[in-house]
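A.B. asks: One structure, as C-alpha cells, below. Some questions next.
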Amino acid sequence: MEWSLAHHRLTLHHPKGEIYWVMPSGYEMPSPAIRSLAEHVLLTPFGETVEVLPADSAPGDRTAVAFSGGVDSAAVLQLVEDPLPIYTQVASPGGLHKLDNALLAVEEVGGVTIESNQDMLPKWLGKGRGFYGAAGWTTTSILLAEHFGLSTFTDGNIIEFVYLRTPNGHGTGYSPRDYSATQAAFARVGLHYGMPCAGLTEISTTKIASQYRYAMGCMRGEDGQPCLNCMKCYRKLAIQGTPIPTNNEVERAFGREWIPVLASFLWARDNHGLSHTVLDSVERDYSWVDKWYPRSIEMIPEHLRAYFLARLDDFGIAALEDDSSLVNWDSRVGGS
Ligand SMILES: [Zn+2]
C-alpha cells in the first residue's frame, strides 16, 4: 500500500480513505518492514491480508506503551522499565467524547501525543469508529519505532479482554485467545508485542496506577474531573472506594443477562459498600479478581518478565494459585 510523508504528516493511502498521523518534527519515512507491520496490525482485524516484510533487528531497545489516558495503560507505565507513553489523539472525537482528561493524563506521565484519524478506518469499512484487534492501539507506536528507538510495544489490555471475552462481552466467561500470530508478526521485524496487564483486572490496575491523578478512562469529563454519569465512572469510583449513584449506562448494562466485568463490581460491593439491586443478591466465587493470572506471562516478552514480576511484588499482588474460580467463571445473572 502507498505511504507518503509531507511536513511530518504521514499518510497511508488506503482504497477507502487516507489515514494520517501528525508525527514529531524530524520524523522520517519508516522502513518498508516497519510500514508492513503497521499495515498488518491495522488491517488484519478487517480481514485484509498483509505480508510482514522481515527485518533483522529492532531500531533500539525502549518499550512503548500505547497510552489511552485510562487506568490500565497507566498501570503498564509502572510495570515496565523506562516506558515511553504514546497517546493517539483522535482528530475529530465524536458525540460526548472529550479529550481534556486524556490530554492532562498524557502530560502527567510525560507522554507523546500524536494526532491521527486512524479511528475512522473502521467506519469506512462498515464498522463503528475505534481501534480494533489485539494490538490496534500500538499502530502509532510501531510507526515511531525508528524515530524513538523502540523494540517493544505494549498496551493496557486486561484479563477481561484477553482471557474472559465471549460474545456476551468482556469479562463474561473463560475464553482464552491465541495471540501467537500477532506476536509472530512483530518478531518477524525483530520487535516484541506485549500486554503486561493481561493477567490483571481493573482492581489491580487501579491499585498500581493510584499515583496518577488524571488517568481515569472517563471519556466525558472535563478539566480533570470525571463526569460521574457514565459506566466507567460508576465502576472506577466504586473500585476506588467511593461509590456513586447509578446512571443510565449502568442500568442498561445491569439489565442484561450477562454483566460485563461483573467480578470487579462484586469485589467493590464486598470491599467498598457498592450497592445495587442487581448486584446485591449475586453469589459467585470471584476470588481471582485481585490476583495475577500466571498463564498471562505468555503475553509478556521474555526480556520484560523479571522486572514485571518484581513490580507485581512491590504492589503486593499475588499470583492466582488455584485457577478454578477463573476458568469456571461466568457472569450470567439474570434473564431467560
Ligand atoms: Zn464518566
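Residues in the C-alpha cells are numbered from 1 in each chain, the chains being A, B, ... in the order shown, and ligands are numbered from 1 in the order shown.
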Could you go through stretch 9-178 of chain A and tell me which residues DSSP, when run on the backbone, assigns to helix (DSSP H, G or I), listing them as a ChimeraX atom specification?
C.D. replies: /A:32-46,71-79,100-108,118-124,136-143,145-148,159-162
A.B. asks: Let me have all residues with an atom within 9 Å of ligand 1, counting only C-alpha atoms and all ligand atoms, laid out as a list in words.
C.D. replies: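 So the residues close to ligand 1 are Met216, Gly217, Cys218, Met219, Arg220, Gly221, Gln225, Pro226, Cys227, Leu228, Asn229, Cys230, Met231, Lys232, Cys233 and Tyr234 of chain A.
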A.B. asks: From the set A:His303, A:Arg177, A:Arg284, A:Lys123, which residue has the shortest atom-to-atom contact distance to A:Ile19, counting only C-alpha atoms?
C.D. replies: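 Closest candidate: A:Lys123.
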A.B. asks: What's the 10 Å shell around A:Ala187, counting only C-alpha atoms, without same-chain residues fewer than 6 positions away, as a ChimeraX atom specification?
C.D. replies: /A:37,52,54-58,151-152,181,193
A.B. asks: Would you mind exporting the chosen residues as a short mmCIF file (atom, residue, chain, number, x, y, z; two decimals), in the first residue's frame, restricted to all heavy atoms?
C.D. replies:
```cif
data_model
loop_
_atom_site.label_atom_id
_atom_site.label_comp_id
_atom_site.auth_asym_id
_atom_site.auth_seq_id
_atom_site.Cartn_x
_atom_site.Cartn_y
_atom_site.Cartn_z
N LEU A 37 4.46 -3.95 9.04
CA LEU A 37 3.91 -4.39 10.33
C LEU A 37 2.74 -3.49 10.74
O LEU A 37 1.71 -3.98 11.22
CB LEU A 37 5.00 -4.37 11.41
CG LEU A 37 4.51 -4.74 12.82
CD1 LEU A 37 3.98 -6.18 12.87
CD2 LEU A 37 5.62 -4.55 13.85
N VAL A 52 4.05 -9.35 6.28
CA VAL A 52 5.04 -8.55 7.01
C VAL A 52 6.43 -8.84 6.44
O VAL A 52 6.84 -10.00 6.36
CB VAL A 52 4.99 -8.88 8.52
CG1 VAL A 52 6.05 -8.08 9.28
CG2 VAL A 52 3.60 -8.59 9.08
N PRO A 54 10.38 -9.11 6.42
CA PRO A 54 11.32 -9.38 7.50
C PRO A 54 12.36 -8.28 7.69
O PRO A 54 12.75 -7.60 6.76
CB PRO A 54 11.99 -10.69 7.07
CG PRO A 54 11.80 -10.77 5.61
CD PRO A 54 10.55 -10.01 5.28
N ALA A 55 12.78 -8.12 8.95
CA ALA A 55 13.89 -7.22 9.27
C ALA A 55 14.70 -7.89 10.37
O ALA A 55 14.17 -8.66 11.16
CB ALA A 55 13.38 -5.86 9.73
N ASP A 56 16.00 -7.58 10.40
CA ASP A 56 16.89 -8.32 11.29
C ASP A 56 16.81 -7.92 12.75
O ASP A 56 16.86 -8.75 13.63
CB ASP A 56 18.35 -8.16 10.82
CG ASP A 56 18.58 -8.94 9.54
OD1 ASP A 56 17.80 -9.88 9.31
OD2 ASP A 56 19.50 -8.59 8.79
N SER A 57 16.75 -6.62 13.00
CA SER A 57 16.84 -6.22 14.40
C SER A 57 16.02 -4.98 14.66
O SER A 57 15.66 -4.24 13.75
CB SER A 57 18.30 -5.97 14.78
OG SER A 57 18.80 -4.92 13.98
N ALA A 58 15.74 -4.74 15.96
CA ALA A 58 14.97 -3.57 16.36
C ALA A 58 15.84 -2.32 16.24
O ALA A 58 17.06 -2.39 16.39
CB ALA A 58 14.50 -3.75 17.80
N SER A 151 11.87 -1.15 20.72
CA SER A 151 11.93 -2.58 20.39
C SER A 151 10.65 -3.30 20.80
O SER A 151 10.31 -4.35 20.27
CB SER A 151 13.10 -3.26 21.11
OG SER A 151 12.83 -3.33 22.50
N THR A 152 9.92 -2.73 21.76
CA THR A 152 8.83 -3.47 22.39
C THR A 152 7.60 -2.59 22.47
O THR A 152 7.69 -1.40 22.80
CB THR A 152 9.27 -3.91 23.80
OG1 THR A 152 10.53 -4.59 23.69
CG2 THR A 152 8.25 -4.84 24.42
N ALA A 181 -0.07 -15.31 16.55
CA ALA A 181 0.11 -14.76 15.20
C ALA A 181 0.52 -13.28 15.28
O ALA A 181 1.37 -12.81 14.51
CB ALA A 181 -1.16 -14.91 14.37
N TYR A 193 5.77 -7.75 21.03
CA TYR A 193 4.46 -7.21 21.43
C TYR A 193 4.09 -7.79 22.79
O TYR A 193 4.26 -8.99 23.02
CB TYR A 193 3.38 -7.58 20.40
CG TYR A 193 1.99 -7.23 20.87
CD1 TYR A 193 1.66 -5.91 21.14
CD2 TYR A 193 1.02 -8.21 21.05
CE1 TYR A 193 0.39 -5.58 21.59
CE2 TYR A 193 -0.25 -7.89 21.50
CZ TYR A 193 -0.56 -6.57 21.77
OH TYR A 193 -1.82 -6.24 22.23
#
```
A.B. asks: What lies within 7 Å of stretch 256-258 of chain A using only C-alpha atoms, ignoring chain neighbours under 5 positions off, as a ChimeraX atom specification?
C.D. replies: /A:168,172,331-335
A.B. asks: The selected residues should be written to file as a PDB file, in the first residue's frame (atoms: N, CA and C atoms).
C.D. replies:
```pdb
ATOM      1  N   ASN A 168     -20.776 -12.537  24.785  1.00  0.00           N
ATOM      2  CA  ASN A 168     -21.609 -11.779  25.729  1.00  0.00           C
ATOM      3  C   ASN A 168     -20.909 -10.554  26.302  1.00  0.00           C
ATOM      4  N   THR A 172     -17.005 -11.993  30.756  1.00  0.00           N
ATOM      5  CA  THR A 172     -18.237 -12.756  30.986  1.00  0.00           C
ATOM      6  C   THR A 172     -18.030 -14.260  31.092  1.00  0.00           C
ATOM      7  N   SER A 331     -20.555 -14.731  34.137  1.00  0.00           N
ATOM      8  CA  SER A 331     -21.126 -13.513  34.703  1.00  0.00           C
ATOM      9  C   SER A 331     -22.623 -13.424  34.390  1.00  0.00           C
ATOM     10  N   ARG A 332     -23.241 -14.583  34.132  1.00  0.00           N
ATOM     11  CA  ARG A 332     -24.667 -14.554  33.832  1.00  0.00           C
ATOM     12  C   ARG A 332     -25.457 -14.351  35.137  1.00  0.00           C
ATOM     13  N   VAL A 333     -26.258 -13.337  35.175  1.00  0.00           N
ATOM     14  CA  VAL A 333     -27.006 -13.097  36.405  1.00  0.00           C
ATOM     15  C   VAL A 333     -28.505 -13.172  36.211  1.00  0.00           C
ATOM     16  N   GLY A 334     -28.961 -12.754  35.077  1.00  0.00           N
ATOM     17  CA  GLY A 334     -30.416 -12.633  35.003  1.00  0.00           C
ATOM     18  C   GLY A 334     -30.963 -13.389  33.838  1.00  0.00           C
ATOM     19  N   GLY A 335     -32.146 -12.975  33.526  1.00  0.00           N
ATOM     20  CA  GLY A 335     -32.712 -13.297  32.257  1.00  0.00           C
ATOM     21  C   GLY A 335     -33.248 -14.677  32.083  1.00  0.00           C
TER      22      GLY A 335
END
```
A.B. asks: I want to know what sits within 12 Å of A:Val50, based on only C-alpha atoms, with residues of the same chain fewer than 4 positions away left out; could you give that as a PDB file with all heavy atoms, in the first residue's frame?
C.D. replies:
```
ATOM      1  N   MET A   1       0.842  -1.186   0.000  1.00  0.00           N
ATOM      2  CA  MET A   1       0.000   0.000   0.000  1.00  0.00           C
ATOM      3  C   MET A   1       0.883   1.244   0.000  1.00  0.00           C
ATOM      4  O   MET A   1       1.996   1.206   0.497  1.00  0.00           O
ATOM      5  CB  MET A   1      -0.901  -0.016   1.235  1.00  0.00           C
ATOM      6  CG  MET A   1      -2.252   0.592   0.972  1.00  0.00           C
ATOM      7  SD  MET A   1      -3.441   0.144   2.254  1.00  0.00           S
ATOM      8  CE  MET A   1      -3.819  -1.541   1.770  1.00  0.00           C
ATOM      9  N   ALA A  33       9.739  -2.538   6.156  1.00  0.00           N
ATOM     10  CA  ALA A  33       9.376  -3.595   7.112  1.00  0.00           C
ATOM     11  C   ALA A  33       8.471  -3.035   8.214  1.00  0.00           C
ATOM     12  O   ALA A  33       7.444  -3.633   8.562  1.00  0.00           O
ATOM     13  CB  ALA A  33      10.642  -4.210   7.726  1.00  0.00           C
ATOM     14  N   ARG A  35       6.610  -0.350   8.052  1.00  0.00           N
ATOM     15  CA  ARG A  35       5.323   0.010   7.446  1.00  0.00           C
ATOM     16  C   ARG A  35       4.458  -1.224   7.250  1.00  0.00           C
ATOM     17  O   ARG A  35       3.248  -1.197   7.481  1.00  0.00           O
ATOM     18  CB  ARG A  35       5.533   0.726   6.102  1.00  0.00           C
ATOM     19  CG  ARG A  35       6.265   2.046   6.241  1.00  0.00           C
ATOM     20  CD  ARG A  35       6.110   2.930   4.996  1.00  0.00           C
ATOM     21  NE  ARG A  35       6.307   2.267   3.719  1.00  0.00           N
ATOM     22  CZ  ARG A  35       7.373   2.441   2.910  1.00  0.00           C
ATOM     23  NH1 ARG A  35       8.365   3.257   3.275  1.00  0.00           N
ATOM     24  NH2 ARG A  35       7.438   1.829   1.763  1.00  0.00           N
ATOM     25  N   SER A  36       5.091  -2.326   6.860  1.00  0.00           N
ATOM     26  CA  SER A  36       4.290  -3.541   6.622  1.00  0.00           C
ATOM     27  C   SER A  36       3.712  -4.076   7.934  1.00  0.00           C
ATOM     28  O   SER A  36       2.585  -4.571   7.966  1.00  0.00           O
ATOM     29  CB  SER A  36       5.113  -4.614   5.903  1.00  0.00           C
ATOM     30  OG  SER A  36       6.105  -5.180   6.754  1.00  0.00           O
ATOM     31  N   LEU A  37       4.457  -3.948   9.036  1.00  0.00           N
ATOM     32  CA  LEU A  37       3.913  -4.387  10.333  1.00  0.00           C
ATOM     33  C   LEU A  37       2.740  -3.494  10.741  1.00  0.00           C
ATOM     34  O   LEU A  37       1.706  -3.979  11.220  1.00  0.00           O
ATOM     35  CB  LEU A  37       5.002  -4.372  11.407  1.00  0.00           C
ATOM     36  CG  LEU A  37       4.514  -4.740  12.817  1.00  0.00           C
ATOM     37  CD1 LEU A  37       3.978  -6.181  12.873  1.00  0.00           C
ATOM     38  CD2 LEU A  37       5.619  -4.553  13.853  1.00  0.00           C
ATOM     39  N   ALA A  38       2.888  -2.188  10.540  1.00  0.00           N
ATOM     40  CA  ALA A  38       1.790  -1.263  10.885  1.00  0.00           C
ATOM     41  C   ALA A  38       0.543  -1.597  10.073  1.00  0.00           C
ATOM     42  O   ALA A  38      -0.571  -1.644  10.609  1.00  0.00           O
ATOM     43  CB  ALA A  38       2.225   0.182  10.645  1.00  0.00           C
ATOM     44  N   GLU A  39       0.722  -1.865   8.787  1.00  0.00           N
ATOM     45  CA  GLU A  39      -0.428  -2.236   7.947  1.00  0.00           C
ATOM     46  C   GLU A  39      -1.057  -3.536   8.430  1.00  0.00           C
ATOM     47  O   GLU A  39      -2.281  -3.680   8.478  1.00  0.00           O
ATOM     48  CB  GLU A  39       0.013  -2.422   6.482  1.00  0.00           C
ATOM     49  CG  GLU A  39       0.334  -1.136   5.765  1.00  0.00           C
ATOM     50  CD  GLU A  39       0.757  -1.403   4.308  1.00  0.00           C
ATOM     51  OE1 GLU A  39       0.219  -2.355   3.700  1.00  0.00           O
ATOM     52  OE2 GLU A  39       1.638  -0.681   3.807  1.00  0.00           O
ATOM     53  N   HIS A  40      -0.205  -4.477   8.800  1.00  0.00           N
ATOM     54  CA  HIS A  40      -0.685  -5.779   9.271  1.00  0.00           C
ATOM     55  C   HIS A  40      -1.565  -5.614  10.515  1.00  0.00           C
ATOM     56  O   HIS A  40      -2.670  -6.135  10.596  1.00  0.00           O
ATOM     57  CB  HIS A  40       0.514  -6.682   9.582  1.00  0.00           C
ATOM     58  CG  HIS A  40       0.141  -8.027  10.115  1.00  0.00           C
ATOM     59  ND1 HIS A  40      -0.127  -9.110   9.295  1.00  0.00           N
ATOM     60  CD2 HIS A  40      -0.027  -8.466  11.378  1.00  0.00           C
ATOM     61  CE1 HIS A  40      -0.431 -10.151  10.041  1.00  0.00           C
ATOM     62  NE2 HIS A  40      -0.379  -9.788  11.313  1.00  0.00           N
ATOM     63  N   VAL A  41      -1.055  -4.844  11.492  1.00  0.00           N
ATOM     64  CA  VAL A  41      -1.784  -4.649  12.746  1.00  0.00           C
ATOM     65  C   VAL A  41      -3.085  -3.890  12.509  1.00  0.00           C
ATOM     66  O   VAL A  41      -4.125  -4.175  13.085  1.00  0.00           O
ATOM     67  CB  VAL A  41      -0.874  -3.921  13.758  1.00  0.00           C
ATOM     68  CG1 VAL A  41      -1.657  -3.383  14.932  1.00  0.00           C
ATOM     69  CG2 VAL A  41       0.242  -4.853  14.226  1.00  0.00           C
ATOM     70  N   LEU A  42      -3.019  -2.918  11.615  1.00  0.00           N
ATOM     71  CA  LEU A  42      -4.170  -2.066  11.342  1.00  0.00           C
ATOM     72  C   LEU A  42      -5.260  -2.784  10.538  1.00  0.00           C
ATOM     73  O   LEU A  42      -6.451  -2.619  10.805  1.00  0.00           O
ATOM     74  CB  LEU A  42      -3.667  -0.835  10.562  1.00  0.00           C
ATOM     75  CG  LEU A  42      -4.582   0.350  10.348  1.00  0.00           C
ATOM     76  CD1 LEU A  42      -5.012   0.945  11.690  1.00  0.00           C
ATOM     77  CD2 LEU A  42      -3.853   1.408   9.518  1.00  0.00           C
ATOM     78  N   LEU A  43      -4.851  -3.598   9.571  1.00  0.00           N
ATOM     79  CA  LEU A  43      -5.824  -4.111   8.597  1.00  0.00           C
ATOM     80  C   LEU A  43      -6.261  -5.561   8.817  1.00  0.00           C
ATOM     81  O   LEU A  43      -7.337  -5.955   8.365  1.00  0.00           O
ATOM     82  CB  LEU A  43      -5.254  -3.954   7.175  1.00  0.00           C
ATOM     83  CG  LEU A  43      -4.921  -2.511   6.798  1.00  0.00           C
ATOM     84  CD1 LEU A  43      -4.213  -2.444   5.448  1.00  0.00           C
ATOM     85  CD2 LEU A  43      -6.192  -1.653   6.766  1.00  0.00           C
ATOM     86  N   THR A  44      -5.438  -6.359   9.506  1.00  0.00           N
ATOM     87  CA  THR A  44      -5.808  -7.767   9.748  1.00  0.00           C
ATOM     88  C   THR A  44      -7.177  -7.915  10.420  1.00  0.00           C
ATOM     89  O   THR A  44      -7.936  -8.818  10.061  1.00  0.00           O
ATOM     90  CB  THR A  44      -4.713  -8.476  10.574  1.00  0.00           C
ATOM     91  OG1 THR A  44      -3.488  -8.406   9.854  1.00  0.00           O
ATOM     92  CG2 THR A  44      -5.055  -9.939  10.806  1.00  0.00           C
ATOM     93  N   PRO A  45      -7.522  -7.047  11.413  1.00  0.00           N
ATOM     94  CA  PRO A  45      -8.840  -7.203  12.050  1.00  0.00           C
ATOM     95  C   PRO A  45     -10.014  -7.058  11.074  1.00  0.00           C
ATOM     96  O   PRO A  45     -11.133  -7.434  11.401  1.00  0.00           O
ATOM     97  CB  PRO A  45      -8.864  -6.068  13.087  1.00  0.00           C
ATOM     98  CG  PRO A  45      -7.441  -5.785  13.389  1.00  0.00           C
ATOM     99  CD  PRO A  45      -6.717  -6.010  12.082  1.00  0.00           C
ATOM    100  N   PHE A  46      -9.763  -6.514   9.892  1.00  0.00           N
ATOM    101  CA  PHE A  46     -10.840  -6.337   8.922  1.00  0.00           C
ATOM    102  C   PHE A  46     -10.738  -7.347   7.777  1.00  0.00           C
ATOM    103  O   PHE A  46     -11.301  -7.154   6.709  1.00  0.00           O
ATOM    104  CB  PHE A  46     -10.828  -4.900   8.383  1.00  0.00           C
ATOM    105  CG  PHE A  46     -10.882  -3.900   9.496  1.00  0.00           C
ATOM    106  CD1 PHE A  46      -9.736  -3.238   9.899  1.00  0.00           C
ATOM    107  CD2 PHE A  46     -12.059  -3.686  10.192  1.00  0.00           C
ATOM    108  CE1 PHE A  46      -9.775  -2.349  10.959  1.00  0.00           C
ATOM    109  CE2 PHE A  46     -12.108  -2.807  11.256  1.00  0.00           C
ATOM    110  CZ  PHE A  46     -10.955  -2.134  11.649  1.00  0.00           C
ATOM    111  N   ALA A 185       4.113 -11.692  14.124  1.00  0.00           N
ATOM    112  CA  ALA A 185       4.236 -10.593  13.153  1.00  0.00           C
ATOM    113  C   ALA A 185       5.269  -9.573  13.643  1.00  0.00           C
ATOM    114  O   ALA A 185       6.105  -9.087  12.867  1.00  0.00           O
ATOM    115  CB  ALA A 185       2.875  -9.923  12.944  1.00  0.00           C
TER     116      ALA A 185
END
```
A.B. asks: I'd like a table as JSON lines: residues in stretch 147-205 of chain A with an atom no more than 7 Å from stretch 260-281 of chain A, each row giving the shortest atom pair and its distance in Å to one decimal, only C-alpha atoms counted, sorted by chain and rising residue number.
C.D. replies:
```
{"residue": "A:Glu160", "atom": "CA", "partner": "A:Val261", "partner_atom": "CA", "distance": 6.8}
{"residue": "A:Gly169", "atom": "CA", "partner": "A:Pro260", "partner_atom": "CA", "distance": 5.6}
{"residue": "A:His170", "atom": "CA", "partner": "A:Pro260", "partner_atom": "CA", "distance": 5.3}
{"residue": "A:Gly171", "atom": "CA", "partner": "A:Val261", "partner_atom": "CA", "distance": 4.6}
{"residue": "A:Thr172", "atom": "CA", "partner": "A:Pro260", "partner_atom": "CA", "distance": 5.6}
{"residue": "A:Ile203", "atom": "CA", "partner": "A:Ser264", "partner_atom": "CA", "distance": 6.5}
```
A.B. asks: Can those selected residues be exported to a file as a PDB file, in the first residue's frame so that it contains N, CA and C atoms?
C.D. replies:
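Final file, out-v4.pdb:
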```pdb
ATOM      1  N   GLU A 160      -9.967  -9.296  31.428  1.00  0.00           N
ATOM      2  CA  GLU A 160     -11.326  -9.445  30.893  1.00  0.00           C
ATOM      3  C   GLU A 160     -11.358  -9.393  29.366  1.00  0.00           C
ATOM      4  N   GLY A 169     -19.630 -10.401  25.974  1.00  0.00           N
ATOM      5  CA  GLY A 169     -18.928  -9.209  26.438  1.00  0.00           C
ATOM      6  C   GLY A 169     -17.640  -9.519  27.172  1.00  0.00           C
ATOM      7  N   HIS A 170     -16.939  -8.447  27.531  1.00  0.00           N
ATOM      8  CA  HIS A 170     -15.669  -8.602  28.256  1.00  0.00           C
ATOM      9  C   HIS A 170     -15.939  -9.091  29.677  1.00  0.00           C
ATOM     10  N   GLY A 171     -15.123 -10.048  30.106  1.00  0.00           N
ATOM     11  CA  GLY A 171     -15.228 -10.493  31.497  1.00  0.00           C
ATOM     12  C   GLY A 171     -16.444 -11.345  31.781  1.00  0.00           C
ATOM     13  N   THR A 172     -17.005 -11.993  30.756  1.00  0.00           N
ATOM     14  CA  THR A 172     -18.237 -12.756  30.986  1.00  0.00           C
ATOM     15  C   THR A 172     -18.030 -14.260  31.092  1.00  0.00           C
ATOM     16  N   ILE A 203      -9.188  -4.009  39.310  1.00  0.00           N
ATOM     17  CA  ILE A 203      -8.925  -3.890  40.748  1.00  0.00           C
ATOM     18  C   ILE A 203      -7.421  -3.662  40.944  1.00  0.00           C
TER      19      ILE A 203
END
```
A.B. asks: Of the candidates A:Pro93, A:Thr63, A:Phe161, A:Val189, which shows the shortest atom-to-atom distance to A:Gly173, using only C-alpha atoms?
C.D. replies: A:Phe161
A.B. asks: Which residues, written as a PDB file with N, CA, C and O atoms, in the first residue's frame, have at least one atom at most 9 Å from A:His8, with only C-alpha atoms counted and residues fewer than 6 positions away on the same chain left out?
C.D. replies:
```pdb
ATOM      1  N   TRP A  21      -1.186  10.439  10.378  1.00  0.00           N
ATOM      2  CA  TRP A  21      -0.613  10.657  11.701  1.00  0.00           C
ATOM      3  C   TRP A  21       0.257  11.912  11.613  1.00  0.00           C
ATOM      4  O   TRP A  21       1.100  12.014  10.711  1.00  0.00           O
ATOM      5  N   VAL A  22       0.054  12.839  12.544  1.00  0.00           N
ATOM      6  CA  VAL A  22       0.907  14.031  12.584  1.00  0.00           C
ATOM      7  C   VAL A  22       2.082  13.718  13.505  1.00  0.00           C
ATOM      8  O   VAL A  22       1.956  13.717  14.730  1.00  0.00           O
ATOM      9  N   MET A  23       3.206  13.418  12.906  1.00  0.00           N
ATOM     10  CA  MET A  23       4.366  12.925  13.638  1.00  0.00           C
ATOM     11  C   MET A  23       5.238  14.073  14.159  1.00  0.00           C
ATOM     12  O   MET A  23       5.087  15.215  13.733  1.00  0.00           O
ATOM     13  N   PRO A  24       6.161  13.777  15.082  1.00  0.00           N
ATOM     14  CA  PRO A  24       7.041  14.837  15.602  1.00  0.00           C
ATOM     15  C   PRO A  24       7.925  15.409  14.492  1.00  0.00           C
ATOM     16  O   PRO A  24       8.174  14.741  13.477  1.00  0.00           O
ATOM     17  N   SER A  25       8.418  16.638  14.686  1.00  0.00           N
ATOM     18  CA  SER A  25       9.288  17.199  13.656  1.00  0.00           C
ATOM     19  C   SER A  25      10.581  16.389  13.596  1.00  0.00           C
ATOM     20  O   SER A  25      11.020  15.822  14.596  1.00  0.00           O
ATOM     21  N   GLY A  26      11.144  16.310  12.414  1.00  0.00           N
ATOM     22  CA  GLY A  26      12.334  15.496  12.213  1.00  0.00           C
ATOM     23  C   GLY A  26      12.011  14.044  11.875  1.00  0.00           C
ATOM     24  O   GLY A  26      12.904  13.243  11.643  1.00  0.00           O
ATOM     25  N   TYR A  27      10.720  13.738  11.846  1.00  0.00           N
ATOM     26  CA  TYR A  27      10.297  12.366  11.545  1.00  0.00           C
ATOM     27  C   TYR A  27      10.618  12.008  10.093  1.00  0.00           C
ATOM     28  O   TYR A  27      10.454  12.834   9.193  1.00  0.00           O
ATOM     29  N   GLU A  28      11.097  10.777   9.900  1.00  0.00           N
ATOM     30  CA  GLU A  28      11.376  10.322   8.539  1.00  0.00           C
ATOM     31  C   GLU A  28      10.523   9.120   8.187  1.00  0.00           C
ATOM     32  O   GLU A  28      10.041   8.421   9.068  1.00  0.00           O
ATOM     33  N   MET A  29      10.358   8.882   6.902  1.00  0.00           N
ATOM     34  CA  MET A  29       9.546   7.759   6.431  1.00  0.00           C
ATOM     35  C   MET A  29      10.067   6.443   7.022  1.00  0.00           C
ATOM     36  O   MET A  29      11.245   6.139   6.912  1.00  0.00           O
TER      37      MET A  29
END
```
A.B. asks: Of the candidates A:Pro32, A:Val289, A:Tyr87, A:Gly110, which shows the shortest atom-to-atom distance to A:Leu164, using only C-alpha atoms?
C.D. replies: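 That would be A:Val289, the residue with the smallest distance to A:Leu164.
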A.B. asks: Which residues come within 7 Å of A:Leu79, counting only C-alpha atoms, excluding same-chain residues fewer than 4 positions away, as a PyMOL selection string?
C.D. replies: chain A and resi 75+308+311
A.B. asks: Between A:Val80, A:Ala238, A:Leu5, A:Leu12, which residue has the minimum interatomic distance to A:Leu309, considering only C-alpha atoms?
C.D. replies: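 Under the stated criterion, the closest residue is A:Val80.
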